[in-house]
Amino acid sequence: MRFRSNNNYAACLIAALAACNATRLHGQQVLVNFNVPGPADWDVPGNWDPANRPEAGFDEVAVIGGGRSAFVASAVPNTGGIIMDLSTLEIRSGGSLVVEPGPSTPNNGNITLGQSLNTNLIVRRGGSLTARNISSGGGPATELLLGETGGSGTATLSVTGGTLNRNTRIVGPNVAFSSSGSLAFGGQHRLAPVITGATHSTINVTGSATLAGTVRPEFSGYTPVLGNSWDLVTAGSLTSTMTLDTSGLPILPRGTAFNLSATGTTAKLGYNNFLILSVNRGTGVARIENAVGSAIGFDGYTITSPSGALGGTWNSLQDQAIAGWDEADNSTANRRTEFKTSGLTSLAAGNSVSL
């Protein structure tokens with residue numbers, strides 16, 4: 001007896017199983033690993049394991065790790081998430097990638113930039129990246145780099161929200177980084193604006209911005225001019241404890257400095273002239289001086305000496321009969337304070353008053 005029918009059944013079963021294995025199923029998150037060293041194209045299915053570009057419609061999340069490098073150079077299918085560690089993703093000019101939740105994974109649509117090791121995400125001019133949420137962490141050199149000094153077009157990053165805890169480098173005036181919700185810089189975050197002119201790209205946050213960490217500005221192909229200022233972040237509401245790291249700045253003329261300032265909606269970097277207090281150690285004469293730039297108005301000053309060395313004659317502005325100035329009643333050998341009761345006294349560049 002021949003069992004041809006059974007053989008046919010077995011062949012059909014094998015074919016059915018093969019077809020099932022080739023089918024992409026909905027219903028749960030699927031991790032799809034970038035599996036070539038690169039730099040290699042995101043849009044090539046064979047560069048992924050399983051051999052499909054990760055798509056949000058199938059709840060698939062892209063995983064790039066192990067020193068691998070991927071690039072996006074065209075509009076590719078939307079993906080359900082990106083998880084990166086010890087890897088690089090570059091959105092090149094003409095590249096467009098949207099990271100969004102899948103049908104069965106409503107909390108996805110996120111970019112995780114770095115988990116324990118140094119990781120890089122780059123958006124070049126002419127490239128666009130959109131995501132629900134972005135977070136940066138991992139190694140201390142993990143970096144989000146937006147823009148470049150060459151190229152053309154705008155480098156675009158649009159998110160609903162994010163928490164950045166490593167390095168964010170924004171190059172030039174052709175970057176559009178926006179959050180339609182909130183954005184936070186953690187205490188280990190470093191914002192590095194690479195300034196190429198009198199204007200610079202601003203991070204725009206519709207909701208609240210909570211800014212900590214440091215700002216380390218650099219200049220590329222541009223010499224700052226006194227009075228320049230650059231908005232770094234604007235938000236519906238903003239709080240900032242960021243501090244200024246001047247290690248990347250040029251040597252400045254005497255009496256000038258960069259400074260950070262913040263209002264309830266804007267964090268700003270400025271380059272301004274400031275008054276200088278100088279003391280002649282031989283004579284003990286102190287001077288308030290405006291060394292350079294525009295006139296500066298002031299309405300008060302305090303000189304302190306922890307060792308109590310302010311015991312000599314004080315030639316105050318009140319003593320000099322400059323209108324409106326009054327010595328503070330609690331002045332001591334440790335502190336001398338004087339206030340102008342109304343208006344300002346103006347010092348033009350190159351002028352000073354002795355005390």
# chains A, B, ... in the order shown; residues from 1 in each chain; ligands from 1
call {"tool": "residues_around", "arguments": {"residues": "Ser179 (chain A)", "least_positions_apart": "6", "cutoff": "8 Å", "atoms": "only C-alpha atoms", "output": "PyMOL selection string"}}
result
chain A and resi 158-162+204-207
call {"tool": "closest_residue", "arguments": {"among": "A:Asn273, A:Ser74, A:Thr130, A:Gln115", "to": "Glu100 (chain A)", "atoms": "only C-alpha atoms"}}
result
A:Thr130
call {"tool": "closest_atom_pairs", "arguments": {"of": "region 155-215 of chain A", "to": "region 242-254 of chain A", "cutoff": "10 Å", "atoms": "only C-alpha atoms", "output": "Markdown table"}}
result
| residue | atom | partner | partner_atom | distance |
| --- | --- | --- | --- | --- |
| A:Phe185 | CA | A:Met242 | CA | 9.0 |
| A:Gly186 | CA | A:Met242 | CA | 9.7 |
| A:Gly187 | CA | A:Met242 | CA | 8.5 |
| A:His189 | CA | A:Met242 | CA | 9.3 |
| A:Arg190 | CA | A:Met242 | CA | 9.0 |
| A:Leu191 | CA | A:Met242 | CA | 9.3 |
| A:Ala192 | CA | A:Gly248 | CA | 9.4 |
| A:Val194 | CA | A:Gly248 | CA | 9.8 |
| A:Thr210 | CA | A:Met242 | CA | 9.6 |
| A:Leu211 | CA | A:Met242 | CA | 6.2 |
| A:Ala212 | CA | A:Met242 | CA | 4.6 |
| A:Gly213 | CA | A:Met242 | CA | 5.1 |
| A:Thr214 | CA | A:Thr243 | CA | 4.8 |
| A:Val215 | CA | A:Leu244 | CA | 5.1 |
call {"tool": "closest_residue", "arguments": {"among": "A:Ala323, A:Leu355, A:Ala349, A:Leu121", "to": "Asn290 (chain A)", "atoms": "only C-alpha atoms"}}
result
A:Ala349
call {"tool": "closest_residue", "arguments": {"among": "A:Thr112, A:Thr119, A:Ser316, A:Thr234", "to": "Ser180 (chain A)", "atoms": "only C-alpha atoms"}}
result
A:Thr234
call {"tool": "atom_distance", "arguments": {"atom1": "CA of Thr223 (chain A)", "atom2": "CA of Lys268 (chain A)"}}
result
18.0 Å
call {"tool": "select_by_dssp", "arguments": {"residues": "region 102-201 of chain A", "states": "strand (DSSP E or B)", "output": "ChimeraX atom specification"}}
result
/A:102,105,110-113,120-123,128-136,143-146,155-164,167-171,175-179,183-185,190-195
call {"tool": "write_last_selection", "arguments": {"atoms": "N, CA and C atoms", "output": "short mmCIF file (atom, residue, chain, number, x, y, z; two decimals), in the first residue's frame"}}
result
data_model
loop_
_atom_site.label_atom_id
_atom_site.label_comp_id
_atom_site.auth_asym_id
_atom_site.auth_seq_id
_atom_site.Cartn_x
_atom_site.Cartn_y
_atom_site.Cartn_z
N GLY A 102 2.89 51.63 17.91
CA GLY A 102 2.23 50.65 17.06
C GLY A 102 0.79 50.46 17.49
N THR A 105 0.88 48.73 20.80
CA THR A 105 1.89 49.22 21.75
C THR A 105 1.78 50.74 21.85
N ASN A 110 9.21 55.78 21.04
CA ASN A 110 10.25 56.48 21.78
C ASN A 110 11.63 56.19 21.21
N ILE A 111 12.54 57.13 21.44
CA ILE A 111 13.95 56.95 21.11
C ILE A 111 14.73 56.88 22.41
N THR A 112 15.44 55.77 22.62
CA THR A 112 16.33 55.61 23.76
C THR A 112 17.76 55.72 23.25
N LEU A 113 18.40 56.82 23.54
CA LEU A 113 19.75 57.11 23.04
C LEU A 113 20.75 56.80 24.14
N ASN A 120 25.54 57.64 19.62
CA ASN A 120 25.42 58.88 18.85
C ASN A 120 24.19 58.86 17.95
N LEU A 121 23.44 59.96 18.01
CA LEU A 121 22.32 60.19 17.11
C LEU A 121 22.57 61.52 16.42
N ILE A 122 22.57 61.51 15.08
CA ILE A 122 22.92 62.68 14.29
C ILE A 122 21.79 62.99 13.32
N VAL A 123 21.37 64.24 13.28
CA VAL A 123 20.43 64.70 12.26
C VAL A 123 21.13 65.80 11.47
N SER A 128 15.18 64.77 8.70
CA SER A 128 14.04 64.98 9.60
C SER A 128 13.79 63.73 10.43
N LEU A 129 13.63 63.94 11.75
CA LEU A 129 13.35 62.86 12.68
C LEU A 129 12.22 63.30 13.60
N THR A 130 11.19 62.46 13.72
CA THR A 130 10.03 62.75 14.56
C THR A 130 9.81 61.59 15.50
N ALA A 131 9.53 61.87 16.78
CA ALA A 131 9.32 60.81 17.76
C ALA A 131 8.37 61.28 18.85
N ARG A 132 7.82 60.31 19.56
CA ARG A 132 6.95 60.62 20.70
C ARG A 132 7.78 61.17 21.86
N ASN A 133 8.88 60.49 22.16
CA ASN A 133 9.70 60.88 23.30
C ASN A 133 11.15 60.54 23.00
N ILE A 134 12.06 61.34 23.53
CA ILE A 134 13.48 61.05 23.38
C ILE A 134 14.16 61.14 24.74
N SER A 135 15.06 60.21 25.01
CA SER A 135 15.86 60.25 26.23
C SER A 135 17.30 59.94 25.87
N SER A 136 18.23 60.59 26.56
CA SER A 136 19.65 60.30 26.34
C SER A 136 20.30 59.92 27.66
N GLU A 143 25.90 61.45 22.59
CA GLU A 143 25.63 62.78 22.04
C GLU A 143 24.48 62.76 21.05
N LEU A 144 23.63 63.77 21.18
CA LEU A 144 22.62 64.11 20.19
C LEU A 144 23.17 65.30 19.42
N LEU A 145 23.45 65.11 18.12
CA LEU A 145 24.06 66.15 17.29
C LEU A 145 23.06 66.58 16.23
N LEU A 146 22.74 67.87 16.21
CA LEU A 146 21.78 68.42 15.26
C LEU A 146 22.44 69.52 14.45
N ALA A 155 17.99 70.92 9.72
CA ALA A 155 18.00 69.68 10.49
C ALA A 155 16.83 69.74 11.46
N THR A 156 15.89 68.79 11.35
CA THR A 156 14.64 68.86 12.09
C THR A 156 14.51 67.68 13.05
N LEU A 157 14.26 68.00 14.32
CA LEU A 157 13.91 67.00 15.33
C LEU A 157 12.65 67.47 16.03
N SER A 158 11.58 66.69 15.92
CA SER A 158 10.29 67.04 16.54
C SER A 158 9.89 65.92 17.48
N VAL A 159 9.63 66.27 18.75
CA VAL A 159 9.23 65.28 19.74
C VAL A 159 8.03 65.80 20.52
N THR A 160 7.37 64.89 21.21
CA THR A 160 6.30 65.28 22.12
C THR A 160 6.87 65.65 23.49
N GLY A 161 7.99 65.04 23.86
CA GLY A 161 8.63 65.34 25.13
C GLY A 161 9.96 64.63 25.20
N GLY A 162 10.71 64.90 26.27
CA GLY A 162 12.00 64.25 26.39
C GLY A 162 12.72 64.59 27.67
N THR A 163 13.70 63.73 28.00
CA THR A 163 14.61 63.94 29.12
C THR A 163 16.01 63.66 28.62
N LEU A 164 16.84 64.69 28.60
CA LEU A 164 18.19 64.57 28.07
C LEU A 164 19.19 64.67 29.21
N ASN A 167 24.88 64.74 26.25
CA ASN A 167 25.34 65.88 25.46
C ASN A 167 24.39 66.17 24.31
N THR A 168 24.03 67.44 24.15
CA THR A 168 23.24 67.88 23.01
C THR A 168 24.02 68.99 22.32
N ARG A 169 24.37 68.75 21.07
CA ARG A 169 25.20 69.68 20.30
C ARG A 169 24.37 70.24 19.15
N ILE A 170 24.19 71.55 19.12
CA ILE A 170 23.37 72.19 18.10
C ILE A 170 24.25 73.15 17.32
N VAL A 171 24.37 72.88 16.01
CA VAL A 171 25.33 73.60 15.17
C VAL A 171 24.60 74.59 14.27
N VAL A 175 18.77 74.64 12.56
CA VAL A 175 18.25 73.49 13.30
C VAL A 175 16.87 73.85 13.83
N ALA A 176 15.91 72.94 13.65
CA ALA A 176 14.57 73.10 14.21
C ALA A 176 14.33 71.95 15.18
N PHE A 177 14.61 72.20 16.46
CA PHE A 177 14.40 71.22 17.53
C PHE A 177 13.21 71.71 18.34
N SER A 178 12.12 70.95 18.33
CA SER A 178 10.91 71.38 19.02
C SER A 178 10.31 70.24 19.81
N SER A 179 9.66 70.60 20.92
CA SER A 179 8.89 69.66 21.72
C SER A 179 7.50 70.24 21.90
N LEU A 183 10.13 69.36 28.16
CA LEU A 183 11.50 68.93 27.91
C LEU A 183 12.32 69.21 29.15
N ALA A 184 13.17 68.24 29.52
CA ALA A 184 14.01 68.40 30.71
C ALA A 184 15.46 68.10 30.37
N PHE A 185 16.37 68.94 30.89
CA PHE A 185 17.79 68.67 30.89
C PHE A 185 18.17 68.24 32.30
N ARG A 190 24.85 68.36 29.07
CA ARG A 190 25.66 69.48 28.60
C ARG A 190 25.12 69.93 27.25
N LEU A 191 24.68 71.17 27.19
CA LEU A 191 24.22 71.78 25.95
C LEU A 191 25.41 72.50 25.31
N ALA A 192 25.72 72.14 24.06
CA ALA A 192 26.85 72.74 23.36
C ALA A 192 26.36 73.46 22.11
N PRO A 193 26.03 74.75 22.23
CA PRO A 193 25.67 75.51 21.04
C PRO A 193 26.94 75.88 20.26
N VAL A 194 26.99 75.47 19.01
CA VAL A 194 28.11 75.84 18.13
C VAL A 194 27.63 77.02 17.31
N ILE A 195 28.07 78.22 17.68
CA ILE A 195 27.53 79.46 17.14
C ILE A 195 28.35 79.90 15.94
#
call {"tool": "closest_residue", "arguments": {"among": "A:Met84, A:Val99, A:Leu89, A:Leu277", "to": "Gly137 (chain A)", "atoms": "only C-alpha atoms"}}
result
A:Met84
call {"tool": "residues_around", "arguments": {"residues": "Ser352 (chain A)", "least_positions_apart": "3", "cutoff": "8 Å", "atoms": "only C-alpha atoms", "output": "MDAnalysis selection string"}}
result
chainID A and resid 287:290 347
call {"tool": "residues_around", "arguments": {"residues": "Gly57 (chain A)", "least_positions_apart": "6", "cutoff": "12 Å", "atoms": "only C-alpha atoms", "output": "JSON, numbers by chain"}}
result
{"A": [24, 25, 26, 27, 28, 29, 30, 77, 78, 79, 80, 81, 98, 99, 100, 101, 102, 103, 104, 105, 106, 108, 109]}
call {"tool": "residues_around", "arguments": {"residues": "Leu238 (chain A)", "least_positions_apart": "2", "cutoff": "7 Å", "atoms": "only C-alpha atoms", "output": "JSON, numbers by chain"}}
result
{"A": [208, 209, 210, 235, 236, 240, 264, 265, 266]}
call {"tool": "residues_around", "arguments": {"residues": "Trp314 (chain A)", "least_positions_apart": "6", "cutoff": "10 Å", "atoms": "only C-alpha atoms", "output": "list in words"}}
result
Gly284, Val285, Ala286, Arg336, Ser354 and Leu355 of chain A
call {"tool": "residues_around", "arguments": {"residues": "Gly343 (chain A)", "least_positions_apart": "3", "cutoff": "10 Å", "atoms": "only C-alpha atoms", "output": "PDB file with N, CA and C atoms, in the first residue's frame"}}
result
ATOM      1  N   GLY A 297      25.175 101.784  33.258  1.00  0.00           N
ATOM      2  CA  GLY A 297      24.581 102.467  34.393  1.00  0.00           C
ATOM      3  C   GLY A 297      24.533 101.559  35.604  1.00  0.00           C
ATOM      4  N   PHE A 298      24.788 102.119  36.792  1.00  0.00           N
ATOM      5  CA  PHE A 298      24.720 101.307  38.012  1.00  0.00           C
ATOM      6  C   PHE A 298      24.128 102.142  39.139  1.00  0.00           C
ATOM      7  N   ASP A 299      23.500 101.446  40.097  1.00  0.00           N
ATOM      8  CA  ASP A 299      22.829 102.142  41.197  1.00  0.00           C
ATOM      9  C   ASP A 299      23.207 101.576  42.556  1.00  0.00           C
ATOM     10  N   ALA A 323      25.296 113.071  42.926  1.00  0.00           N
ATOM     11  CA  ALA A 323      23.893 113.195  43.347  1.00  0.00           C
ATOM     12  C   ALA A 323      23.231 111.843  43.566  1.00  0.00           C
ATOM     13  N   GLY A 324      22.551 111.757  44.717  1.00  0.00           N
ATOM     14  CA  GLY A 324      21.691 110.619  44.994  1.00  0.00           C
ATOM     15  C   GLY A 324      22.345 109.439  45.666  1.00  0.00           C
ATOM     16  N   TRP A 325      23.651 109.473  45.908  1.00  0.00           N
ATOM     17  CA  TRP A 325      24.337 108.324  46.506  1.00  0.00           C
ATOM     18  C   TRP A 325      24.372 108.447  48.024  1.00  0.00           C
ATOM     19  N   LYS A 340      22.382 104.217  45.193  1.00  0.00           N
ATOM     20  CA  LYS A 340      21.833 105.441  44.614  1.00  0.00           C
ATOM     21  C   LYS A 340      20.325 105.405  44.835  1.00  0.00           C
ATOM     22  N   SER A 346      26.039 106.688  35.171  1.00  0.00           N
ATOM     23  CA  SER A 346      26.521 106.051  33.948  1.00  0.00           C
ATOM     24  C   SER A 346      28.025 106.245  33.799  1.00  0.00           C
TER      25      SER A 346
END
call {"tool": "closest_residue", "arguments": {"among": "A:Gly153, A:Gly114, A:Gly139, A:Gly312", "to": "Gly127 (chain A)", "atoms": "only C-alpha atoms"}}
result
A:Gly153
call {"tool": "closest_residue", "arguments": {"among": "A:Asn118, A:Thr149, A:Thr332, A:Thr239", "to": "Gly308 (chain A)", "atoms": "only C-alpha atoms"}}
result
A:Thr332
